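Here is data39.txt, consisting of compact mmCIF, C-alpha atoms and all ligand atoms:
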```txt
# COMPACT_ATOMS: atom_id res chain seq x y z
CA MET B 14 112.79 109.88 79.95
CA LEU B 15 113.22 108.28 76.57
CA GLY B 16 116.91 107.36 76.77
CA HIS B 17 118.88 105.03 79.03
CA PHE B 18 121.54 105.89 81.57
CA ILE B 19 124.41 103.52 82.41
CA THR B 20 127.27 104.46 84.71
CA PHE B 21 130.65 102.74 85.02
CA GLU B 22 132.48 102.68 88.32
CA GLY B 23 135.63 101.16 89.75
CA GLY B 24 139.07 101.99 91.04
CA GLU B 25 142.04 103.28 89.09
CA GLY B 26 143.08 101.16 86.13
CA ALA B 27 139.93 99.02 86.14
CA GLY B 28 139.60 99.37 82.36
CA LYS B 29 136.38 101.42 82.36
CA SER B 30 137.19 103.58 79.33
CA THR B 31 138.03 100.60 77.09
CA GLN B 32 134.83 98.86 78.05
CA ILE B 33 132.70 101.96 77.62
CA GLU B 34 133.98 102.36 74.05
CA ARG B 35 133.28 98.69 73.31
CA LEU B 36 129.77 98.91 74.71
CA LYS B 37 129.15 102.04 72.65
CA THR B 38 130.15 100.16 69.48
CA PHE B 39 127.85 97.29 70.41
CA LEU B 40 124.86 99.52 71.15
CA GLU B 41 125.40 101.43 67.92
CA SER B 42 125.44 98.14 66.06
CA CYS B 43 121.96 97.62 67.58
CA GLY B 44 120.88 100.87 65.94
CA GLN B 45 120.96 102.90 69.16
CA SER B 46 122.19 106.45 69.50
CA VAL B 47 124.89 106.65 72.18
CA ILE B 48 126.92 109.35 73.91
CA VAL B 49 129.95 108.71 76.08
CA THR B 50 130.80 111.11 78.85
CA ARG B 51 132.81 111.22 82.08
CA GLU B 52 133.08 112.70 85.54
CA PRO B 53 134.39 114.89 86.94
CA GLY B 54 133.77 116.88 83.79
CA GLY B 55 131.75 116.05 80.71
CA SER B 56 130.48 119.59 80.08
CA PRO B 57 132.49 122.81 79.55
CA GLY B 58 131.73 124.15 83.04
CA ALA B 59 132.41 120.84 84.75
CA GLU B 60 135.69 120.35 82.85
CA LYS B 61 136.97 123.57 84.45
CA ILE B 62 136.18 122.16 87.88
CA ARG B 63 137.84 118.86 86.85
CA THR B 64 141.11 120.68 86.24
CA LEU B 65 140.98 122.21 89.73
CA LEU B 66 140.20 118.88 91.36
CA LEU B 67 142.70 116.64 89.56
CA SER B 68 145.61 119.07 89.70
CA GLY B 69 145.28 119.09 93.49
CA GLU B 70 144.64 122.85 93.55
CA ALA B 71 141.34 122.28 95.35
CA ARG B 72 142.93 120.10 98.01
CA GLU B 73 143.23 123.07 100.38
CA LEU B 74 139.42 123.20 100.56
CA GLY B 75 139.50 119.87 102.39
CA PRO B 76 137.41 116.76 101.59
CA ARG B 77 134.09 118.53 102.31
CA GLY B 78 134.92 121.39 99.95
CA GLU B 79 136.17 118.99 97.28
CA ALA B 80 132.90 117.05 97.62
CA MET B 81 131.03 120.30 96.94
CA LEU B 82 133.10 120.87 93.81
CA PHE B 83 132.38 117.34 92.54
CA ALA B 84 128.70 118.05 93.17
CA ALA B 85 128.84 121.42 91.39
CA ALA B 86 130.51 119.79 88.38
CA ARG B 87 127.87 117.03 88.41
CA ALA B 88 124.98 119.50 88.52
CA ASP B 89 126.27 121.28 85.41
CA HIS B 90 126.97 117.98 83.64
CA VAL B 91 123.46 116.71 84.39
CA ASP B 92 121.73 119.91 83.36
CA THR B 93 123.66 120.65 80.19
CA LYS B 94 124.55 117.21 78.85
CA ILE B 95 123.08 114.11 80.49
CA LYS B 96 119.46 115.22 80.85
CA PRO B 97 119.17 116.69 77.34
CA ALA B 98 120.65 113.48 75.87
CA LEU B 99 118.20 111.29 77.81
CA GLU B 100 115.33 113.51 76.72
CA ARG B 101 116.43 113.05 73.08
CA GLY B 102 116.31 109.28 73.57
CA ASP B 103 120.07 108.63 73.59
CA TRP B 104 121.92 106.07 75.64
CA VAL B 105 124.29 107.84 78.02
CA LEU B 106 127.40 105.90 79.09
CA CYS B 107 129.10 107.78 81.89
CA ASP B 108 132.60 107.05 83.21
CA ARG B 109 132.03 107.59 86.97
CA TYR B 110 129.06 109.34 88.58
CA ALA B 111 127.58 109.80 92.05
CA ASP B 112 128.89 106.47 93.39
CA SER B 113 132.44 107.76 92.96
CA THR B 114 131.65 110.61 95.35
CA ARG B 115 130.11 108.22 97.86
CA VAL B 116 133.25 106.08 97.72
CA TYR B 117 136.14 108.52 97.26
CA GLN B 118 134.87 111.38 99.41
CA GLY B 119 133.27 108.93 101.84
CA GLU B 120 136.62 107.18 102.25
CA ALA B 121 138.22 110.60 102.83
CA GLY B 122 135.95 111.01 105.86
CA VAL B 123 133.08 113.17 104.60
CA ASP B 124 129.87 112.48 106.49
CA THR B 125 127.45 110.16 104.66
CA ASP B 126 124.36 112.32 105.28
CA TYR B 127 126.14 115.38 103.96
CA LEU B 128 127.19 113.44 100.83
CA ARG B 129 123.60 112.25 100.30
CA LEU B 130 122.33 115.83 100.50
CA LEU B 131 124.85 116.97 97.91
CA GLU B 132 124.03 114.01 95.70
CA THR B 133 120.29 114.65 95.78
CA ALA B 134 120.86 118.27 94.84
CA ALA B 135 123.39 117.51 92.10
CA VAL B 136 121.67 114.65 90.26
CA ALA B 137 118.22 116.30 90.24
CA GLY B 138 116.51 112.92 89.91
CA VAL B 139 118.79 111.68 87.12
CA ARG B 140 119.93 108.27 88.38
CA PRO B 141 121.49 105.37 86.49
CA GLU B 142 119.31 102.42 85.54
CA LEU B 143 122.41 100.23 85.54
CA THR B 144 125.80 100.69 87.20
CA VAL B 145 128.62 98.50 85.92
CA LEU B 146 131.24 98.06 88.62
CA ILE B 147 134.49 96.78 87.15
CA ASP B 148 136.32 95.25 90.07
CA VAL B 149 140.08 94.77 90.18
CA PRO B 150 142.49 94.45 93.13
CA ALA B 151 143.99 97.88 93.79
CA LYS B 152 147.52 96.67 93.18
CA LEU B 153 146.66 95.39 89.70
CA GLY B 154 144.78 98.59 88.79
CA LEU B 155 147.59 100.85 89.97
CA GLY B 156 150.11 98.72 88.09
CA ARG B 157 148.11 99.24 84.89
CA VAL B 158 147.97 103.01 85.51
CA ALA B 159 151.74 103.14 86.06
CA SER B 160 152.56 101.18 82.90
CA ARG B 161 150.13 103.31 80.85
CA ALA B 162 151.84 106.44 82.21
CA ARG B 163 155.27 105.05 81.21
CA GLU B 164 154.03 104.23 77.70
CA GLU B 165 152.50 107.67 77.27
CA ASN B 166 155.38 109.42 79.00
CA SER B 167 152.82 111.39 81.04
CA ASP B 168 153.34 113.64 84.06
CA GLY B 169 152.87 111.13 86.85
CA PRO B 170 149.85 110.31 89.00
CA ASP B 171 146.97 112.76 89.52
CA ARG B 172 145.67 113.93 92.91
CA PHE B 173 143.62 110.78 93.50
CA GLU B 174 145.92 108.18 91.94
CA GLU B 175 148.89 109.06 94.11
CA GLU B 176 147.37 107.85 97.39
CA ALA B 177 148.57 104.77 99.30
CA LEU B 178 147.63 101.25 98.27
CA ALA B 179 145.58 100.77 101.46
CA VAL B 180 143.40 103.76 100.51
CA HIS B 181 142.75 102.24 97.07
CA GLU B 182 141.87 98.90 98.65
CA ARG B 183 139.40 100.59 101.04
CA ARG B 184 137.74 102.29 98.07
CA ARG B 185 137.49 98.96 96.31
CA GLN B 186 135.70 97.48 99.34
CA LEU B 187 133.36 100.49 99.56
CA PHE B 188 132.36 100.03 95.90
CA LEU B 189 131.66 96.34 96.57
CA ASP B 190 129.62 97.21 99.69
CA LEU B 191 127.60 99.70 97.68
CA ALA B 192 126.97 97.12 94.95
CA ASN B 193 125.73 94.76 97.63
CA GLU B 194 123.42 97.35 99.20
CA GLU B 195 121.94 98.48 95.88
CA SER B 196 122.21 95.21 94.00
CA TYR B 197 119.04 96.00 91.98
CA ARG B 198 121.04 98.39 89.79
CA PHE B 199 124.60 97.03 89.99
CA ALA B 200 126.43 94.50 87.83
CA VAL B 201 129.80 93.58 89.33
CA ILE B 202 132.26 92.45 86.66
CA ASP B 203 135.64 90.83 87.25
CA GLY B 204 138.07 93.28 85.64
CA THR B 205 141.10 90.99 86.02
CA GLU B 206 139.94 88.94 83.02
CA ASP B 207 141.15 89.75 79.51
CA PRO B 208 139.34 92.68 77.83
CA ASP B 209 137.31 90.45 75.45
CA ARG B 210 135.88 88.45 78.34
CA VAL B 211 135.11 91.62 80.30
CA GLU B 212 133.41 93.01 77.20
CA ARG B 213 131.16 89.94 76.96
CA ALA B 214 130.29 90.16 80.66
CA VAL B 215 129.39 93.84 80.32
CA ARG B 216 127.30 93.13 77.24
CA ASP B 217 125.45 90.31 79.00
CA ALA B 218 124.71 92.58 81.96
CA VAL B 219 123.34 95.25 79.63
CA LEU B 220 121.23 92.76 77.67
CA LYS B 221 119.82 91.46 80.95
CA ALA B 222 119.05 94.89 82.38
CA PHE B 223 117.49 96.16 79.16
CA SER B 224 115.92 92.95 77.91
CA SER B 225 112.76 94.73 76.78
CA THR B 226 114.74 97.21 74.65
CA LEU B 227 117.56 94.99 73.31
CA LYS B 228 116.51 91.50 72.37
CA PRO B 229 119.36 88.96 72.13
CA VAL B 230 119.26 86.17 69.55
CA ARG B 231 121.94 83.59 69.02
CA HIS B 232 122.75 82.66 65.43
CA GLU B 233 124.27 79.25 64.81
CA SER B 234 127.42 80.75 63.34
CA GLU B 235 127.99 83.13 66.24
CA HIS B 236 129.35 82.71 69.73
CA GLY B 237 128.11 85.96 71.26
CA ALA B 238 124.65 87.37 71.80
CA GLU B 239 123.51 89.63 68.99
CA PRO B 240 120.52 91.92 68.94
CA VAL B 241 117.55 91.45 66.65
P1 LIG B 301 140.15 110.20 85.98
O1 LIG B 301 141.44 110.58 85.33
O2 LIG B 301 138.89 110.45 85.23
O3 LIG B 301 140.31 108.73 86.52
P2 LIG B 301 139.71 107.35 86.11
O4 LIG B 301 140.31 107.03 84.77
O5 LIG B 301 140.20 106.47 87.21
O6 LIG B 301 138.21 107.47 86.10
O7 LIG B 301 140.13 110.92 87.39
C1 LIG B 301 139.02 111.02 88.17
C2 LIG B 301 139.47 110.92 89.61
O8 LIG B 301 138.55 111.64 90.44
C3 LIG B 301 139.47 109.48 90.07
O9 LIG B 301 140.64 109.24 90.84
C4 LIG B 301 138.28 109.41 90.99
C5 LIG B 301 138.09 110.82 91.49
N1 LIG B 301 136.68 111.16 91.77
C6 LIG B 301 136.29 111.48 93.04
O10 LIG B 301 137.11 111.49 93.97
N2 LIG B 301 134.98 111.81 93.27
C7 LIG B 301 134.05 111.84 92.28
O11 LIG B 301 132.87 112.15 92.52
C8 LIG B 301 134.47 111.51 90.94
C9 LIG B 301 133.49 111.54 89.82
C10 LIG B 301 135.80 111.18 90.73
```
Output the structure of this file as structure tokens.
Ligand code: TYD
Amino acid sequence: MLGHFITFEGGEGAGKSTQIERLKTFLESCGQSVIVTREPGGSPGAEKIRTLLLSGEARELGPRGEAMLFAAARADHVDTKIKPALERGDWVLCDRYADSTRVYQGEAGVDTDYLRLLETAAVAGVRPELTVLIDVPAKLGLGRVASRAREENSDGPDRFEEEALAVHERRRQLFLDLANEESYRFAVIDGTEDPDRVERAVRDAVLKAFSSTLKPVRHESEHGAEPV
């Protein structure tokens, strides 16, 4: 495919969305065409499934049934949005993807082989070239989510945010284990740092992973890496 596929993963309140927007701005400044998308959702069909999943309405299906819904949403998202964008030559920055299923539904007790089968079917060969894992302690991430909710006066935690701290910490460890197992495609970034530092770390990871596409040069007057 002509384009490039980067996924962002991490627990609640890791700061993924902020960093995705910043990376988009950077890549556009390099003359690249970029789309930002998210899971669950990202396409009209998948957004309907997102509503079912995050409201908790699908909880009665159990973790295995929920995993199937995440996979169904992903299949639609891949077919109708991600694949066409990659075929056009766009960069696709996706907020969560298959690793979230491995971690969240894996932590909920769904069998690994079953999850792998669903994943293979859903992604249809469309796998990220780079996965940016923004790592923060669960307590810090949940604290950020709670203060954002207070600022926005929103309706309280969604189905997955409301779980116990220990569950969030186990997910964090599962993400780190995954990054260790598939280190060839992961960049683990410390999300406790201030957003400008995290942005620079993400940018460096992208420049490293795509060094043949984006060539960094350092001008005397500049502190950061800039593309040619
Ligand atoms: P969202 O509001 O997009 O959260 P965040 O800002 O943390 O990405 O909600 C998505 C929730 O769905 C999040 O708690 C993780 C969960 N999830 C899964 O359990 N499995 C999956 O495959 C995906 C993509 C998300």
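Taking only C-alpha atoms into account, B:Ala134 lies nearest to B:Arg87 out of the set B:Arg198, B:Lys96, B:Arg87, B:Arg172.
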Surroundings of ligand LIG 301 (chain B) up to 10 Å, based on all atoms listed in the file, as an NGL selection string: :B and (21-30 or 51-54 or 63-64 or 66-67 or 76 or 79-84 or 86-87 or 107-121 or 132 or 154-155 or 158 or 170-176 or 181)
Considering all atoms listed in the file, can you say which of B:Glu73, B:Glu41, B:Glu60, B:Asp148 comes closest to B:Thr205? B:Asp148
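Going from atom CA of B:Glu194 over to atom CA of B:His90, you cover 26.1 Å.
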May I ask which of the residues B:Ala222, B:Val145, B:Val211, B:Leu131 is the closest one to B:Leu191, counting all atoms listed in the file? B:Val145
Complete the atoms of stretch 109-131 of chain B to N, CA, C and O atoms and put them out as a PDB file, in the frame of the given file.
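Printed below is result_22.pdb as written:
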```
ATOM      1  N   ARG B 109     132.186 107.092  85.600  1.00  0.00           N
ATOM      2  CA  ARG B 109     132.030 107.590  86.970  1.00  0.00           C
ATOM      3  C   ARG B 109     130.821 108.520  87.093  1.00  0.00           C
ATOM      4  O   ARG B 109     130.508 109.278  86.202  1.00  0.00           O
ATOM      5  N   TYR B 110     130.195 108.448  88.278  1.00  0.00           N
ATOM      6  CA  TYR B 110     129.060 109.340  88.580  1.00  0.00           C
ATOM      7  C   TYR B 110     128.962 109.402  90.106  1.00  0.00           C
ATOM      8  O   TYR B 110     129.996 109.317  90.794  1.00  0.00           O
ATOM      9  N   ALA B 111     127.750 109.524  90.616  1.00  0.00           N
ATOM     10  CA  ALA B 111     127.580 109.800  92.050  1.00  0.00           C
ATOM     11  C   ALA B 111     128.212 108.748  92.972  1.00  0.00           C
ATOM     12  O   ALA B 111     128.655 109.085  94.079  1.00  0.00           O
ATOM     13  N   ASP B 112     128.289 107.490  92.524  1.00  0.00           N
ATOM     14  CA  ASP B 112     128.890 106.470  93.390  1.00  0.00           C
ATOM     15  C   ASP B 112     130.355 106.769  93.675  1.00  0.00           C
ATOM     16  O   ASP B 112     130.869 106.416  94.736  1.00  0.00           O
ATOM     17  N   SER B 113     131.033 107.410  92.721  1.00  0.00           N
ATOM     18  CA  SER B 113     132.440 107.760  92.960  1.00  0.00           C
ATOM     19  C   SER B 113     132.557 108.752  94.117  1.00  0.00           C
ATOM     20  O   SER B 113     133.497 108.674  94.910  1.00  0.00           O
ATOM     21  N   THR B 114     131.610 109.674  94.225  1.00  0.00           N
ATOM     22  CA  THR B 114     131.650 110.610  95.350  1.00  0.00           C
ATOM     23  C   THR B 114     131.406 109.870  96.660  1.00  0.00           C
ATOM     24  O   THR B 114     132.090 110.089  97.663  1.00  0.00           O
ATOM     25  N   ARG B 115     130.396 108.982  96.634  1.00  0.00           N
ATOM     26  CA  ARG B 115     130.110 108.220  97.860  1.00  0.00           C
ATOM     27  C   ARG B 115     131.370 107.493  98.318  1.00  0.00           C
ATOM     28  O   ARG B 115     131.686 107.441  99.505  1.00  0.00           O
ATOM     29  N   VAL B 116     132.089 106.904  97.365  1.00  0.00           N
ATOM     30  CA  VAL B 116     133.250 106.080  97.720  1.00  0.00           C
ATOM     31  C   VAL B 116     134.488 106.935  98.016  1.00  0.00           C
ATOM     32  O   VAL B 116     135.080 106.833  99.090  1.00  0.00           O
ATOM     33  N   TYR B 117     134.874 107.791  97.092  1.00  0.00           N
ATOM     34  CA  TYR B 117     136.140 108.520  97.260  1.00  0.00           C
ATOM     35  C   TYR B 117     136.042 109.551  98.394  1.00  0.00           C
ATOM     36  O   TYR B 117     136.905 109.613  99.257  1.00  0.00           O
ATOM     37  N   GLN B 118     134.979 110.372  98.363  1.00  0.00           N
ATOM     38  CA  GLN B 118     134.870 111.380  99.410  1.00  0.00           C
ATOM     39  C   GLN B 118     134.410 110.752 100.727  1.00  0.00           C
ATOM     40  O   GLN B 118     134.758 111.230 101.807  1.00  0.00           O
ATOM     41  N   GLY B 119     133.651 109.666 100.631  1.00  0.00           N
ATOM     42  CA  GLY B 119     133.270 108.930 101.840  1.00  0.00           C
ATOM     43  C   GLY B 119     134.515 108.355 102.509  1.00  0.00           C
ATOM     44  O   GLY B 119     134.700 108.486 103.719  1.00  0.00           O
ATOM     45  N   GLU B 120     135.382 107.758 101.697  1.00  0.00           N
ATOM     46  CA  GLU B 120     136.620 107.180 102.250  1.00  0.00           C
ATOM     47  C   GLU B 120     137.487 108.269 102.868  1.00  0.00           C
ATOM     48  O   GLU B 120     138.184 108.030 103.848  1.00  0.00           O
ATOM     49  N   ALA B 121     137.404 109.488 102.302  1.00  0.00           N
ATOM     50  CA  ALA B 121     138.220 110.600 102.830  1.00  0.00           C
ATOM     51  C   ALA B 121     137.619 111.172 104.112  1.00  0.00           C
ATOM     52  O   ALA B 121     138.151 112.130 104.679  1.00  0.00           O
ATOM     53  N   GLY B 122     136.480 110.635 104.558  1.00  0.00           N
ATOM     54  CA  GLY B 122     135.950 111.010 105.860  1.00  0.00           C
ATOM     55  C   GLY B 122     134.756 111.953 105.840  1.00  0.00           C
ATOM     56  O   GLY B 122     134.286 112.392 106.888  1.00  0.00           O
ATOM     57  N   VAL B 123     134.244 112.265 104.644  1.00  0.00           N
ATOM     58  CA  VAL B 123     133.080 113.170 104.600  1.00  0.00           C
ATOM     59  C   VAL B 123     131.843 112.409 105.064  1.00  0.00           C
ATOM     60  O   VAL B 123     131.628 111.252 104.673  1.00  0.00           O
ATOM     61  N   ASP B 124     131.059 113.078 105.881  1.00  0.00           N
ATOM     62  CA  ASP B 124     129.870 112.480 106.490  1.00  0.00           C
ATOM     63  C   ASP B 124     128.864 111.994 105.426  1.00  0.00           C
ATOM     64  O   ASP B 124     128.570 112.699 104.463  1.00  0.00           O
ATOM     65  N   THR B 125     128.352 110.783 105.646  1.00  0.00           N
ATOM     66  CA  THR B 125     127.450 110.160 104.660  1.00  0.00           C
ATOM     67  C   THR B 125     126.193 111.001 104.409  1.00  0.00           C
ATOM     68  O   THR B 125     125.764 111.163 103.261  1.00  0.00           O
ATOM     69  N   ASP B 126     125.589 111.552 105.475  1.00  0.00           N
ATOM     70  CA  ASP B 126     124.360 112.320 105.280  1.00  0.00           C
ATOM     71  C   ASP B 126     124.616 113.572 104.454  1.00  0.00           C
ATOM     72  O   ASP B 126     123.812 113.963 103.596  1.00  0.00           O
ATOM     73  N   TYR B 127     125.759 114.183 104.722  1.00  0.00           N
ATOM     74  CA  TYR B 127     126.140 115.380 103.960  1.00  0.00           C
ATOM     75  C   TYR B 127     126.322 115.017 102.481  1.00  0.00           C
ATOM     76  O   TYR B 127     125.841 115.716 101.586  1.00  0.00           O
ATOM     77  N   LEU B 128     126.983 113.868 102.228  1.00  0.00           N
ATOM     78  CA  LEU B 128     127.190 113.440 100.830  1.00  0.00           C
ATOM     79  C   LEU B 128     125.851 113.141 100.155  1.00  0.00           C
ATOM     80  O   LEU B 128     125.664 113.461  98.982  1.00  0.00           O
ATOM     81  N   ARG B 129     124.916 112.563 100.895  1.00  0.00           N
ATOM     82  CA  ARG B 129     123.600 112.250 100.300  1.00  0.00           C
ATOM     83  C   ARG B 129     122.851 113.527  99.935  1.00  0.00           C
ATOM     84  O   ARG B 129     122.175 113.597  98.915  1.00  0.00           O
ATOM     85  N   LEU B 130     122.985 114.552 100.795  1.00  0.00           N
ATOM     86  CA  LEU B 130     122.330 115.830 100.500  1.00  0.00           C
ATOM     87  C   LEU B 130     122.879 116.432  99.209  1.00  0.00           C
ATOM     88  O   LEU B 130     122.133 116.866  98.323  1.00  0.00           O
ATOM     89  N   LEU B 131     124.216 116.431  99.119  1.00  0.00           N
ATOM     90  CA  LEU B 131     124.850 116.970  97.910  1.00  0.00           C
ATOM     91  C   LEU B 131     124.426 116.178  96.680  1.00  0.00           C
ATOM     92  O   LEU B 131     124.142 116.739  95.623  1.00  0.00           O
TER      93      LEU B 131
END
```
